[in-house]
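With compact mmCIF, N, CA and C atoms inside, this is entry05.txt:
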# COMPACT_ATOMS: atom_id res chain seq x y z
N MET A 70 230.14 108.14 -57.56
CA MET A 70 230.56 106.81 -57.14
C MET A 70 232.06 106.71 -57.29
N VAL A 71 232.75 106.47 -56.15
CA VAL A 71 234.19 106.38 -56.16
C VAL A 71 234.58 105.04 -55.56
N GLY A 72 235.27 104.23 -56.33
CA GLY A 72 235.73 102.93 -55.83
C GLY A 72 234.61 102.01 -55.45
N GLY A 73 233.48 102.09 -56.06
CA GLY A 73 232.38 101.21 -55.77
C GLY A 73 231.52 101.66 -54.62
N LYS A 74 231.87 102.78 -53.98
CA LYS A 74 231.08 103.27 -52.84
C LYS A 74 230.37 104.56 -53.23
N VAL A 75 229.21 104.70 -52.78
CA VAL A 75 228.43 105.90 -53.04
C VAL A 75 228.55 106.82 -51.83
N LYS A 76 229.01 108.07 -52.07
CA LYS A 76 229.14 109.04 -50.98
C LYS A 76 227.80 109.70 -50.75
N LYS A 77 227.45 109.81 -49.49
CA LYS A 77 226.20 110.45 -49.12
C LYS A 77 226.48 111.93 -48.81
N PRO A 78 225.67 112.81 -49.32
CA PRO A 78 225.87 114.21 -48.99
C PRO A 78 225.49 114.46 -47.53
N GLY A 79 226.17 115.41 -46.88
CA GLY A 79 225.85 115.74 -45.49
C GLY A 79 227.08 116.20 -44.74
N LYS A 80 226.95 116.29 -43.46
CA LYS A 80 228.04 116.79 -42.64
C LYS A 80 229.04 115.69 -42.36
N ARG A 81 230.30 116.10 -42.29
CA ARG A 81 231.35 115.15 -41.96
C ARG A 81 231.59 115.15 -40.46
N GLY A 82 232.34 114.17 -39.99
CA GLY A 82 232.76 114.15 -38.61
C GLY A 82 231.80 113.42 -37.69
N ARG A 83 232.05 113.63 -36.45
CA ARG A 83 231.31 112.93 -35.42
C ARG A 83 229.92 113.52 -35.26
N LYS A 84 228.97 112.67 -35.12
CA LYS A 84 227.58 113.11 -34.92
C LYS A 84 227.39 113.42 -33.43
N PRO A 85 226.77 114.53 -33.12
CA PRO A 85 226.54 114.83 -31.70
C PRO A 85 225.57 113.82 -31.08
N ALA A 86 225.92 113.42 -29.88
CA ALA A 86 225.06 112.47 -29.18
C ALA A 86 223.77 113.18 -28.77
N LYS A 87 222.74 112.42 -28.64
CA LYS A 87 221.47 112.99 -28.19
C LYS A 87 221.57 113.23 -26.69
N ILE A 88 221.87 114.46 -26.33
CA ILE A 88 222.04 114.81 -24.93
C ILE A 88 220.72 115.31 -24.39
N ASP A 89 220.42 114.85 -23.21
CA ASP A 89 219.19 115.28 -22.56
C ASP A 89 219.28 116.80 -22.33
N LEU A 90 218.32 117.54 -22.78
CA LEU A 90 218.34 118.99 -22.67
C LEU A 90 218.36 119.46 -21.22
N LYS A 91 217.66 118.74 -20.34
CA LYS A 91 217.65 119.14 -18.93
C LYS A 91 219.04 119.01 -18.32
N ALA A 92 219.74 117.94 -18.67
CA ALA A 92 221.09 117.74 -18.14
C ALA A 92 222.03 118.81 -18.70
N LYS A 93 221.86 119.14 -19.95
CA LYS A 93 222.69 120.16 -20.57
C LYS A 93 222.45 121.53 -19.92
N LEU A 94 221.19 121.87 -19.67
CA LEU A 94 220.88 123.12 -19.01
C LEU A 94 221.44 123.16 -17.59
N GLU A 95 221.35 122.04 -16.89
CA GLU A 95 221.86 121.99 -15.52
C GLU A 95 223.38 122.17 -15.50
N ARG A 96 224.08 121.55 -16.46
CA ARG A 96 225.53 121.72 -16.55
C ARG A 96 225.87 123.19 -16.83
N SER A 97 225.10 123.80 -17.70
CA SER A 97 225.32 125.21 -18.02
C SER A 97 225.09 126.09 -16.79
N ARG A 98 224.05 125.81 -16.04
CA ARG A 98 223.77 126.58 -14.82
C ARG A 98 224.89 126.42 -13.80
N GLN A 99 225.35 125.18 -13.64
CA GLN A 99 226.43 124.90 -12.69
C GLN A 99 227.70 125.64 -13.11
N SER A 100 228.00 125.63 -14.37
CA SER A 100 229.17 126.33 -14.88
C SER A 100 229.05 127.83 -14.62
N ALA A 101 227.86 128.38 -14.82
CA ALA A 101 227.64 129.80 -14.57
C ALA A 101 227.80 130.12 -13.08
N ARG A 102 227.30 129.24 -12.20
CA ARG A 102 227.47 129.45 -10.75
C ARG A 102 228.94 129.47 -10.38
N GLU A 103 229.70 128.52 -10.92
CA GLU A 103 231.13 128.44 -10.63
C GLU A 103 231.85 129.68 -11.15
N CYS A 104 231.47 130.15 -12.31
CA CYS A 104 232.08 131.34 -12.89
C CYS A 104 231.81 132.56 -12.01
N ARG A 105 230.58 132.70 -11.53
CA ARG A 105 230.24 133.83 -10.65
C ARG A 105 231.01 133.74 -9.34
N ALA A 106 231.17 132.53 -8.81
CA ALA A 106 231.92 132.36 -7.56
C ALA A 106 233.39 132.74 -7.76
N ARG A 107 233.98 132.32 -8.89
CA ARG A 107 235.37 132.69 -9.17
C ARG A 107 235.51 134.20 -9.32
N LYS A 108 234.55 134.81 -9.99
CA LYS A 108 234.57 136.26 -10.19
C LYS A 108 234.49 136.98 -8.84
N LYS A 109 233.63 136.50 -7.96
CA LYS A 109 233.47 137.12 -6.64
C LYS A 109 234.77 137.02 -5.84
N LEU A 110 235.41 135.85 -5.87
CA LEU A 110 236.68 135.67 -5.16
C LEU A 110 237.76 136.59 -5.73
N ARG A 111 237.79 136.71 -7.03
CA ARG A 111 238.78 137.58 -7.67
C ARG A 111 238.57 139.03 -7.25
N TYR A 112 237.34 139.49 -7.23
CA TYR A 112 237.06 140.86 -6.82
C TYR A 112 237.41 141.08 -5.35
N GLN A 113 237.14 140.10 -4.50
CA GLN A 113 237.51 140.22 -3.09
C GLN A 113 239.03 140.35 -2.95
N TYR A 114 239.76 139.51 -3.69
CA TYR A 114 241.22 139.56 -3.66
C TYR A 114 241.71 140.93 -4.10
N LEU A 115 241.15 141.45 -5.19
CA LEU A 115 241.58 142.74 -5.70
C LEU A 115 241.24 143.88 -4.73
N GLU A 116 240.08 143.80 -4.08
CA GLU A 116 239.71 144.83 -3.11
C GLU A 116 240.66 144.82 -1.92
N GLU A 117 241.04 143.63 -1.45
CA GLU A 117 242.00 143.53 -0.35
C GLU A 117 243.35 144.08 -0.77
N LEU A 118 243.74 143.79 -2.00
CA LEU A 118 245.01 144.28 -2.51
C LEU A 118 245.02 145.80 -2.58
N VAL A 119 243.94 146.37 -3.07
CA VAL A 119 243.83 147.83 -3.16
C VAL A 119 243.88 148.46 -1.77
N SER A 120 243.15 147.88 -0.81
CA SER A 120 243.13 148.47 0.53
C SER A 120 244.51 148.37 1.19
N SER A 121 245.23 147.28 0.97
CA SER A 121 246.57 147.17 1.56
C SER A 121 247.52 148.17 0.92
N LYS A 122 247.38 148.39 -0.38
CA LYS A 122 248.22 149.38 -1.06
C LYS A 122 247.89 150.79 -0.57
N GLU A 123 246.60 151.06 -0.35
CA GLU A 123 246.20 152.38 0.16
C GLU A 123 246.78 152.61 1.56
N ARG A 124 246.77 151.57 2.40
CA ARG A 124 247.36 151.72 3.74
C ARG A 124 248.85 152.00 3.64
N ALA A 125 249.52 151.30 2.73
CA ALA A 125 250.96 151.52 2.55
C ALA A 125 251.23 152.94 2.06
N ILE A 126 250.40 153.43 1.16
CA ILE A 126 250.55 154.79 0.64
C ILE A 126 250.38 155.80 1.77
N CYS A 127 249.38 155.60 2.63
CA CYS A 127 249.16 156.52 3.76
C CYS A 127 250.37 156.53 4.70
N ALA A 128 250.90 155.35 4.97
CA ALA A 128 252.06 155.26 5.86
C ALA A 128 253.26 155.98 5.23
N LEU A 129 253.45 155.80 3.94
CA LEU A 129 254.56 156.47 3.27
C LEU A 129 254.37 157.98 3.22
N ARG A 130 253.13 158.43 3.05
CA ARG A 130 252.86 159.88 3.06
C ARG A 130 253.17 160.48 4.43
N GLU A 131 252.80 159.75 5.48
CA GLU A 131 253.10 160.23 6.83
C GLU A 131 254.61 160.31 7.04
N GLU A 132 255.32 159.30 6.56
CA GLU A 132 256.77 159.30 6.70
C GLU A 132 257.38 160.45 5.90
N LEU A 133 256.87 160.69 4.70
CA LEU A 133 257.36 161.80 3.89
C LEU A 133 257.12 163.14 4.58
N GLU A 134 255.95 163.30 5.16
CA GLU A 134 255.64 164.54 5.87
C GLU A 134 256.59 164.75 7.05
N MET A 135 256.91 163.66 7.75
CA MET A 135 257.85 163.75 8.87
C MET A 135 259.22 164.21 8.36
N TYR A 136 259.67 163.64 7.25
CA TYR A 136 260.97 164.04 6.69
C TYR A 136 260.95 165.49 6.22
N LYS A 137 259.83 165.93 5.67
CA LYS A 137 259.71 167.34 5.26
C LYS A 137 259.84 168.26 6.46
N GLN A 138 259.19 167.87 7.57
CA GLN A 138 259.28 168.68 8.79
C GLN A 138 260.71 168.72 9.31
N TRP A 139 261.39 167.59 9.24
CA TRP A 139 262.79 167.55 9.66
C TRP A 139 263.63 168.48 8.80
N CYS A 140 263.41 168.45 7.49
CA CYS A 140 264.19 169.29 6.58
C CYS A 140 263.94 170.77 6.84
N SER A 141 262.67 171.13 7.03
CA SER A 141 262.37 172.53 7.30
C SER A 141 262.97 172.98 8.63
N ALA A 142 262.98 172.09 9.61
CA ALA A 142 263.60 172.42 10.90
C ALA A 142 265.10 172.61 10.73
N MET A 143 265.74 171.75 9.94
CA MET A 143 267.19 171.88 9.73
C MET A 143 267.51 173.12 8.91
N ASP A 144 266.61 173.53 8.00
CA ASP A 144 266.81 174.76 7.24
C ASP A 144 266.80 175.97 8.17
N GLN A 145 266.06 175.88 9.26
CA GLN A 145 265.98 176.96 10.24
C GLN A 145 267.11 176.89 11.26
N GLY A 146 267.98 175.91 11.10
CA GLY A 146 269.12 175.78 12.00
C GLY A 146 268.84 174.92 13.21
N LYS A 147 267.72 174.28 13.27
CA LYS A 147 267.38 173.41 14.40
C LYS A 147 267.61 171.96 13.98
N ILE A 148 268.11 171.18 14.91
CA ILE A 148 268.29 169.75 14.64
C ILE A 148 267.23 168.99 15.41
N PRO A 149 266.35 168.26 14.71
CA PRO A 149 265.30 167.50 15.39
C PRO A 149 265.89 166.45 16.33
N SER A 150 265.19 166.20 17.42
CA SER A 150 265.68 165.26 18.43
C SER A 150 265.84 163.85 17.85
N GLU A 151 265.01 163.49 16.89
CA GLU A 151 265.13 162.16 16.29
C GLU A 151 266.44 162.00 15.55
N ILE A 152 266.85 163.07 14.86
CA ILE A 152 268.12 163.00 14.13
C ILE A 152 269.28 163.01 15.11
N LYS A 153 269.16 163.79 16.18
CA LYS A 153 270.20 163.78 17.22
C LYS A 153 270.38 162.38 17.79
N ALA A 154 269.24 161.71 18.02
CA ALA A 154 269.30 160.36 18.57
C ALA A 154 270.00 159.42 17.58
N LEU A 155 269.72 159.60 16.30
CA LEU A 155 270.37 158.74 15.30
C LEU A 155 271.86 159.03 15.22
N LEU A 156 272.23 160.29 15.33
CA LEU A 156 273.64 160.66 15.24
C LEU A 156 274.43 160.20 16.45
N THR A 157 273.80 160.22 17.61
CA THR A 157 274.52 159.80 18.82
C THR A 157 274.50 158.29 18.99
N GLY A 158 273.76 157.59 18.17
CA GLY A 158 273.72 156.13 18.26
C GLY A 158 272.66 155.63 19.19
N ASP A 159 271.82 156.49 19.70
CA ASP A 159 270.73 156.09 20.60
C ASP A 159 269.51 155.75 19.76
N GLU A 160 269.48 154.54 19.20
CA GLU A 160 268.40 154.13 18.31
C GLU A 160 267.26 153.43 19.05
N GLN A 161 267.36 153.37 20.36
CA GLN A 161 266.31 152.70 21.11
C GLN A 161 265.06 153.56 21.22
N LYS A 162 265.24 154.87 21.11
CA LYS A 162 264.13 155.80 21.24
C LYS A 162 263.38 155.88 19.91
N PRO A 163 262.08 155.58 19.87
CA PRO A 163 261.34 155.68 18.61
C PRO A 163 261.13 157.13 18.21
N PRO A 164 261.02 157.43 16.91
CA PRO A 164 260.80 158.81 16.47
C PRO A 164 259.49 159.36 17.00
N GLN A 165 259.47 160.67 17.32
CA GLN A 165 258.27 161.30 17.85
C GLN A 165 257.22 161.47 16.77
N GLY A 166 257.64 161.60 15.52
CA GLY A 166 256.70 161.80 14.43
C GLY A 166 255.86 160.57 14.14
N GLY A 167 256.19 159.46 14.75
CA GLY A 167 255.41 158.24 14.52
C GLY A 167 255.65 157.67 13.14
N GLY A 168 256.83 157.95 12.58
CA GLY A 168 257.13 157.47 11.23
C GLY A 168 257.19 155.96 11.19
N ILE A 169 256.51 155.40 10.26
CA ILE A 169 256.49 153.95 10.10
C ILE A 169 257.21 153.63 8.80
N LYS A 170 258.28 152.87 8.91
CA LYS A 170 259.01 152.50 7.71
C LYS A 170 258.46 151.18 7.20
N VAL A 171 258.16 151.14 5.90
CA VAL A 171 257.64 149.93 5.28
C VAL A 171 258.57 149.58 4.14
N SER A 172 259.29 148.48 4.28
CA SER A 172 260.19 148.08 3.22
C SER A 172 259.44 147.29 2.16
N LYS A 173 260.02 147.22 0.97
CA LYS A 173 259.37 146.49 -0.12
C LYS A 173 259.21 145.02 0.23
N ASN A 174 260.25 144.43 0.80
CA ASN A 174 260.18 143.01 1.14
C ASN A 174 259.10 142.76 2.17
N ASN A 175 258.98 143.64 3.12
CA ASN A 175 257.97 143.48 4.17
C ASN A 175 256.57 143.56 3.58
N LYS A 176 256.36 144.53 2.66
CA LYS A 176 255.03 144.67 2.05
C LYS A 176 254.69 143.42 1.25
N ASN A 177 255.64 142.91 0.47
CA ASN A 177 255.37 141.73 -0.34
C ASN A 177 255.05 140.53 0.53
N ASN A 178 255.78 140.38 1.63
CA ASN A 178 255.51 139.25 2.52
C ASN A 178 254.15 139.37 3.16
N ASN A 179 253.76 140.60 3.54
CA ASN A 179 252.45 140.79 4.15
C ASN A 179 251.35 140.46 3.16
N ASN A 180 251.47 140.89 1.92
CA ASN A 180 250.46 140.60 0.91
C ASN A 180 250.33 139.11 0.67
N ALA A 181 251.48 138.43 0.61
CA ALA A 181 251.43 137.00 0.35
C ALA A 181 250.78 136.26 1.51
N SER A 182 251.07 136.68 2.74
CA SER A 182 250.51 135.96 3.88
C SER A 182 249.02 136.25 4.06
N THR A 183 248.58 137.48 3.74
CA THR A 183 247.15 137.79 3.93
C THR A 183 246.31 137.20 2.82
N ASN A 184 246.91 136.96 1.69
CA ASN A 184 246.14 136.41 0.57
C ASN A 184 246.29 134.91 0.43
N GLY A 185 247.00 134.29 1.35
CA GLY A 185 247.13 132.84 1.32
C GLY A 185 248.09 132.36 0.27
N GLN A 186 248.98 133.23 -0.17
CA GLN A 186 249.97 132.85 -1.17
C GLN A 186 251.33 132.86 -0.53
N SER A 187 252.25 132.06 -1.08
CA SER A 187 253.62 132.09 -0.59
C SER A 187 254.58 132.29 -1.73

Can I see the file as structure tokens?
Amino acid sequence: MVGGKVKKPGKRGRKPAKIDLKAKLERSRQSARECRARKKLRYQYLEELVSSKERAICALREELEMYKQWCSAMDQGKIPSEIKALLTGDEQKPPQGGGIKVSKNNKNNNNASTNGQS
């Protein structure tokens, strides 16, 4: 007895309200559905990101192979027509190797636009 009041033994704090078990289960199910939907969207986003990176890697490998061929040709004393065109200033003719240049800024912009981000 402290100050004229008798303390009752038990738990302190707020007592949980009597929540209907069916409503609680339904909220839990809804939360689980939303979680699965978020997970699915995240995996789709990651799969798209991986495929775009793989495409960029393939394009860069093709470009690297083209440059290797140019170097080997120059080692043999031959100047590839693409390099001749660049040296003479005739840049209107596209390279025969089909080299695709992908800049970092271009890749980032493509990813942002395909994923709905800016």

### Query
In Å, how far is it from atom CA of Met135 of chain A to atom CA of Pro149 of chain A?
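These atoms are spaced 10.6 Å apart.
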
### Interatomic distance (Å, one decimal) between atom CA of Trp139 of chain A and atom C of Glu151 of chain A
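Atom CA of Trp139 of chain A sits 8.9 Å away from atom C of Glu151 of chain A.
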
### Query
What does the distance between atom C of Arg96 of chain A and atom N of Tyr112 of chain A come to in Å, to one decimal place?
22.1 Å
